[in-house]
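Novice: Input input02.cif, format and content: mmCIF, C-alpha atoms.
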```cif
data_target
#
loop_
_atom_site.label_atom_id
_atom_site.label_comp_id
_atom_site.auth_asym_id
_atom_site.auth_seq_id
_atom_site.Cartn_x
_atom_site.Cartn_y
_atom_site.Cartn_z
CA MET A 11 25.28 6.51 -39.42
CA GLU A 12 24.42 9.98 -38.12
CA ASN A 13 20.72 9.11 -38.22
CA GLU A 14 21.37 6.08 -36.05
CA LYS A 15 23.31 8.19 -33.54
CA TYR A 16 20.51 10.76 -33.58
CA LEU A 17 17.93 8.08 -32.82
CA ASN A 18 20.09 6.68 -30.00
CA ASP A 19 20.40 10.15 -28.50
CA ILE A 20 16.63 10.62 -28.63
CA SER A 21 16.12 7.22 -26.99
CA GLU A 22 18.58 8.08 -24.22
CA ILE A 23 16.92 11.45 -23.60
CA LYS A 24 13.54 9.74 -23.47
CA ASN A 25 14.81 7.21 -20.91
CA LEU A 26 16.27 9.98 -18.74
CA MET A 27 13.00 11.92 -18.85
CA ASN A 28 11.07 8.77 -17.96
CA LYS A 29 13.33 8.09 -14.99
CA SER A 30 12.98 11.65 -13.75
CA SER A 31 9.17 11.62 -13.98
CA ARG A 32 8.43 8.07 -12.82
CA PHE A 33 9.47 6.10 -9.76
CA ILE A 34 10.72 2.89 -11.36
CA SER A 35 12.34 1.34 -8.28
CA LEU A 36 9.04 -0.16 -7.12
CA SER A 37 9.73 -3.82 -6.37
CA GLY A 38 7.52 -6.59 -7.70
CA LEU A 39 8.75 -8.83 -4.88
CA SER A 40 7.25 -6.41 -2.36
CA GLY A 41 3.88 -6.91 -4.05
CA ILE A 42 4.23 -10.68 -3.74
CA LEU A 43 5.10 -10.45 -0.06
CA ALA A 44 2.26 -7.98 0.57
CA GLY A 45 -0.09 -10.56 -0.96
CA VAL A 46 1.27 -13.25 1.33
CA TYR A 47 0.81 -11.00 4.37
CA ALA A 48 -2.75 -10.28 3.27
CA LEU A 49 -3.58 -13.98 2.92
CA VAL A 50 -2.19 -14.70 6.38
CA GLY A 51 -4.20 -11.74 7.70
CA ALA A 52 -7.36 -13.03 6.00
CA TRP A 53 -6.83 -16.46 7.61
CA LEU A 54 -6.40 -14.84 11.06
CA ALA A 55 -9.50 -12.72 10.41
CA TYR A 56 -11.44 -15.86 9.45
CA LYS A 57 -10.44 -17.53 12.73
CA THR A 58 -11.35 -14.38 14.64
CA ILE A 59 -14.80 -14.19 13.07
CA TYR A 60 -15.80 -17.85 13.08
CA PHE A 61 -14.22 -18.94 16.33
CA ASP A 62 -15.51 -15.97 18.29
CA THR A 63 -18.33 -17.32 20.46
CA SER A 64 -20.10 -13.97 20.37
CA THR A 65 -20.58 -13.93 16.61
CA MET A 66 -24.02 -14.81 15.35
CA GLY A 67 -25.69 -15.46 12.02
CA ALA A 68 -24.95 -17.12 8.71
CA TYR A 69 -21.90 -16.28 6.60
CA SER A 70 -23.60 -13.50 4.67
CA ASP A 71 -25.11 -11.73 7.70
CA LEU A 72 -22.77 -12.16 10.64
CA VAL A 73 -23.11 -10.05 13.75
CA ILE A 74 -19.59 -9.54 15.12
CA SER A 75 -18.72 -8.52 18.65
CA GLU A 76 -16.89 -5.29 19.43
CA ASP A 77 -13.86 -7.22 20.69
CA ALA A 78 -13.71 -9.13 17.42
CA VAL A 79 -13.83 -5.87 15.45
CA ILE A 80 -10.87 -4.55 17.47
CA ARG A 81 -8.89 -7.72 16.76
CA LEU A 82 -9.71 -7.42 13.05
CA LEU A 83 -8.45 -3.82 13.05
CA VAL A 84 -5.22 -4.93 14.72
CA ILE A 85 -4.74 -7.64 12.07
CA ALA A 86 -5.43 -5.19 9.22
CA THR A 87 -3.00 -2.64 10.72
CA ALA A 88 -0.29 -5.28 11.09
CA VAL A 89 -0.72 -6.34 7.44
CA LEU A 90 -0.55 -2.69 6.32
CA VAL A 91 2.57 -1.89 8.36
CA LEU A 92 4.39 -5.04 7.23
CA SER A 93 3.51 -4.32 3.59
CA ILE A 94 4.71 -0.71 3.81
CA VAL A 95 7.98 -1.61 5.57
CA THR A 96 8.65 -4.41 3.07
CA GLY A 97 7.85 -2.16 0.11
CA ILE A 98 10.14 0.62 1.33
CA GLY A 99 12.99 -1.78 2.14
CA LEU A 100 12.89 -3.61 -1.19
CA SER A 101 12.51 -0.37 -3.15
CA ILE A 102 15.60 1.05 -1.41
CA ARG A 103 17.52 -2.12 -2.24
CA LYS A 104 16.43 -2.00 -5.88
CA ALA A 105 17.29 1.70 -6.16
CA SER A 106 20.73 1.18 -4.64
CA LYS A 107 21.50 -1.54 -7.18
CA SER A 108 20.67 0.92 -9.96
CA ASN A 109 22.59 3.76 -8.25
CA GLU A 110 19.39 5.80 -7.99
CA ASN A 111 18.03 8.02 -5.23
CA VAL A 112 14.92 6.39 -3.77
CA TRP A 113 13.54 9.70 -2.44
CA ASN A 114 13.27 12.06 -5.40
CA THR A 115 10.66 14.19 -7.14
CA ALA A 116 8.97 11.19 -8.75
CA SER A 117 8.74 9.18 -5.51
CA ARG A 118 7.37 12.21 -3.62
CA ARG A 119 4.68 12.68 -6.26
CA LEU A 120 3.94 8.97 -6.10
CA VAL A 121 3.47 9.02 -2.32
CA ILE A 122 1.33 12.19 -2.36
CA ASN A 123 -0.99 10.96 -5.13
CA PHE A 124 -1.24 7.54 -3.51
CA MET A 125 -2.01 8.87 -0.04
CA ILE A 126 -4.78 11.31 -1.00
CA PRO A 127 -7.39 8.64 -1.93
CA LEU A 128 -6.02 6.21 0.67
CA ALA A 129 -6.23 8.69 3.56
CA THR A 130 -9.70 9.78 2.42
CA GLY A 131 -10.86 6.16 2.43
CA GLY A 132 -9.22 5.54 5.79
CA PHE A 133 -11.08 8.40 7.48
CA PHE A 134 -14.32 7.38 5.78
CA ILE A 135 -13.97 3.81 7.04
CA ILE A 136 -13.22 5.05 10.57
CA PHE A 137 -16.49 7.00 10.45
CA LEU A 138 -18.32 3.85 9.31
CA ILE A 139 -16.81 1.85 12.17
CA GLU A 140 -17.92 4.54 14.61
CA LYS A 141 -21.46 4.17 13.18
CA ASN A 142 -21.25 0.33 13.46
CA MET A 143 -21.56 -0.05 9.66
CA PHE A 144 -19.11 -2.94 9.31
CA GLY A 145 -20.48 -4.53 6.14
CA LEU A 146 -19.01 -1.87 3.84
CA ILE A 147 -15.49 -1.90 5.29
CA ALA A 148 -14.04 -4.64 3.07
CA PRO A 149 -15.54 -3.30 -0.21
CA LEU A 150 -14.43 0.25 0.55
CA THR A 151 -10.87 -0.75 1.43
CA LEU A 152 -10.62 -2.40 -1.98
CA ILE A 153 -12.22 0.54 -3.82
CA PHE A 154 -10.17 3.30 -2.17
CA TYR A 155 -6.94 1.29 -2.48
CA GLY A 156 -7.72 0.75 -6.15
CA LEU A 157 -8.35 4.49 -6.61
CA ALA A 158 -5.03 5.21 -4.88
CA CYS A 159 -3.20 2.85 -7.25
CA VAL A 160 -4.81 4.38 -10.33
CA ASN A 161 -4.11 7.91 -9.10
CA ALA A 162 -0.44 7.14 -8.39
CA SER A 163 0.18 4.97 -11.46
CA LYS A 164 1.23 7.89 -13.68
CA TYR A 165 4.27 8.35 -11.43
CA THR A 166 5.43 4.74 -11.43
CA ILE A 167 5.24 1.50 -13.41
CA GLY A 168 2.12 1.42 -15.61
CA ASP A 169 1.09 -2.03 -14.38
CA VAL A 170 0.03 -0.45 -11.09
CA ARG A 171 -2.89 1.16 -12.95
CA TYR A 172 -4.27 -2.25 -13.93
CA LEU A 173 -3.85 -3.49 -10.36
CA GLY A 174 -5.91 -0.50 -9.21
CA ILE A 175 -8.65 -1.11 -11.78
CA THR A 176 -8.84 -4.76 -10.71
CA MET A 177 -9.14 -3.74 -7.06
CA ILE A 178 -11.94 -1.28 -7.84
CA ALA A 179 -13.84 -3.96 -9.78
CA LEU A 180 -13.48 -6.42 -6.88
CA GLY A 181 -14.64 -3.76 -4.44
CA LEU A 182 -17.77 -3.09 -6.48
CA LEU A 183 -18.48 -6.82 -6.73
CA SER A 184 -17.96 -7.13 -2.99
CA THR A 185 -20.52 -4.35 -2.47
CA TRP A 186 -23.01 -6.30 -4.59
CA PHE A 187 -22.31 -9.55 -2.70
CA LEU A 188 -22.39 -7.81 0.67
CA GLY A 189 -21.42 -10.11 3.51
CA TYR A 190 -18.68 -11.94 1.61
CA GLY A 191 -16.17 -9.14 2.08
CA LEU A 192 -13.46 -11.32 3.61
CA LEU A 193 -13.36 -13.53 0.51
CA PHE A 194 -13.07 -10.54 -1.82
CA TRP A 195 -10.53 -8.91 0.51
CA ALA A 196 -8.34 -12.03 0.38
CA LEU A 197 -8.73 -12.26 -3.39
CA GLY A 198 -7.86 -8.59 -3.90
CA PHE A 199 -5.12 -7.85 -1.40
CA GLY A 200 -3.82 -11.41 -1.41
CA GLY A 201 -4.29 -12.96 -4.84
CA CYS A 202 -4.05 -9.80 -6.97
CA HIS A 203 -0.94 -8.54 -5.19
CA ILE A 204 0.78 -11.87 -5.71
CA LEU A 205 -0.31 -12.01 -9.37
CA TYR A 206 0.66 -8.44 -10.30
CA GLY A 207 3.79 -8.57 -8.13
CA SER A 208 4.91 -11.70 -9.97
CA LEU A 209 4.21 -10.11 -13.36
CA MET A 210 6.19 -7.00 -12.41
CA PHE A 211 9.07 -9.07 -11.02
CA PHE A 212 9.47 -11.22 -14.12
CA LYS A 213 8.86 -8.27 -16.46
CA TYR A 214 11.19 -5.67 -14.90
CA GLU A 215 13.49 -7.29 -12.35
CA ARG A 216 14.43 -10.79 -13.40
CA LYS A 217 17.71 -10.79 -15.30
#
```
Now that the file is in, can you turn its structure into structure tokens?
Specialist:
Amino acid sequence: MENEKYLNDISEIKNLMNKSSRFISLSGLSGILAGVYALVGAWLAYKTIYFDTSTMGAYSDLVISEDAVIRLLVIATAVLVLSIVTGIGLSIRKASKSNENVWNTASRRLVINFMIPLATGGFFIIFLIEKNMFGLIAPLTLIFYGLACVNASKYTIGDVRYLGITMIALGLLSTWFLGYGLLFWALGFGGCHILYGSLMFFKYERK
């Protein structure tokens, strides 16, 4: 009987330590919605690219006008902002249901470790845009986002690590098949977010 109580105490201590070191209020539903936003953004990007009269070339070697690039950046920014706002809102709701503080040591570490690779990639991509090197933008967004997920995964749900690895693999494939970045971008940010978000929702949130 005492052994059983001892094991229960150890299990409870372990759970408390896990909660204090990992941000577990990350919502799988936010991943699903981020994937939906990304697919809508990819569709708008497709219309921007292929219905812009100033674009030239076949699918794999398009020459896109400067105005079209600006519209694509606006679409990508809108998708990013919507995803962040949705993620924060749903995480706060999930944390409040569990009577947990959404902004704690674990969440701060998560944000810092996530933003370091993401900000680095963002500045790098801005430099590429300034140099008119548009072909690498889609692959690099996937790769740096994947690195950010892997880097931050030790402070949140472990499934985020596998999402990051998948994104990195898609980014490398997109670099090999240069010119088909929009397809890989939709598959990564759209399909993978919906897939992993669904897995996380049914694994951790569905009662």
Novice: Of the candidates A:Leu188, A:Met125, A:Ile136, A:Leu193, which shows the shortest atom-to-atom distance to Ala162 (chain A), using only C-alpha atoms?
Specialist: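 Under the stated criterion, the closest residue is A:Met125.
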Novice: Grab the CA of Phe124 (chain A) to CA of Ala158 (chain A) distance for me, in Å with one decimal place.
Specialist: 4.7 Å
Novice: Name the residues that the PyMOL selection byres ((chain A and resi 82-84) around 9) picks from the file above, as a PyMOL selection string, using the file's chain letters and numbers.
Specialist: chain A and resi 51+54-55+58-59+77-81+85-89
Novice: Would you export the selected residues with C-alpha atoms as a short mmCIF file (atom, residue, chain, number, x, y, z; two decimals), in the frame of the given file, please?
Specialist:
```
data_model
loop_
_atom_site.label_atom_id
_atom_site.label_comp_id
_atom_site.auth_asym_id
_atom_site.auth_seq_id
_atom_site.Cartn_x
_atom_site.Cartn_y
_atom_site.Cartn_z
CA GLY A 51 -4.20 -11.74 7.70
CA LEU A 54 -6.40 -14.84 11.06
CA ALA A 55 -9.50 -12.72 10.41
CA THR A 58 -11.35 -14.38 14.64
CA ILE A 59 -14.80 -14.19 13.07
CA ASP A 77 -13.86 -7.22 20.69
CA ALA A 78 -13.71 -9.13 17.42
CA VAL A 79 -13.83 -5.87 15.45
CA ILE A 80 -10.87 -4.55 17.47
CA ARG A 81 -8.89 -7.72 16.76
CA ILE A 85 -4.74 -7.64 12.07
CA ALA A 86 -5.43 -5.19 9.22
CA THR A 87 -3.00 -2.64 10.72
CA ALA A 88 -0.29 -5.28 11.09
CA VAL A 89 -0.72 -6.34 7.44
#
```
Novice: Neighbours of Val46 (chain A) within 12 Å (all atoms listed in the file; same-chain residues fewer than 2 positions away dropped), as a PyMOL selection string?
Specialist: chain A and resi 39-44+48-53+89-90+92-93+96+196-205+207-208
Novice: Please indicate the distance in Å from CA of Lys107 (chain A) to CA of Tyr155 (chain A), rounded to one decimal place.
Specialist: 29.0 Å
Novice: CA of Phe137 (chain A) to CA of Leu180 (chain A): how many Å, to one decimal?
Specialist: 22.1 Å
Novice: Any chance you could resolve the PyMOL selection byres ((chain A and resi 100) around 9) against this file and give the residues as a PyMOL selection string?
Specialist: chain A and resi 35-40+95-99+101-105
Novice: Translate the PyMOL selection byres ((chain A and resi 121) around 12) into a concrete residue list for this structure, as a PyMOL selection string.
Specialist: chain A and resi 32-33+36+94+98+112-120+122-129+158-159+161-166
Novice: Show which residues sit within 10 Å of region 146-152 of chain A, as a ChimeraX atom specification. Count all atoms listed in the file, and ignore same-chain residues fewer than 4 positions away.
Specialist: /A:128,131-132,134-136,138-139,156-158,174,176-196,198-199
Novice: Using all atoms of region 36-46 of chain A listed in the file and a margin of 4 Å per side, can you give the axis-aligned box centre and edge lengths in Å to one decimal, as JSON?
Specialist:
```
{"center_x": 4.8, "center_y": -6.7, "center_z": -3.2, "size_x": 17.8, "size_y": 21.1, "size_z": 17.0}
```
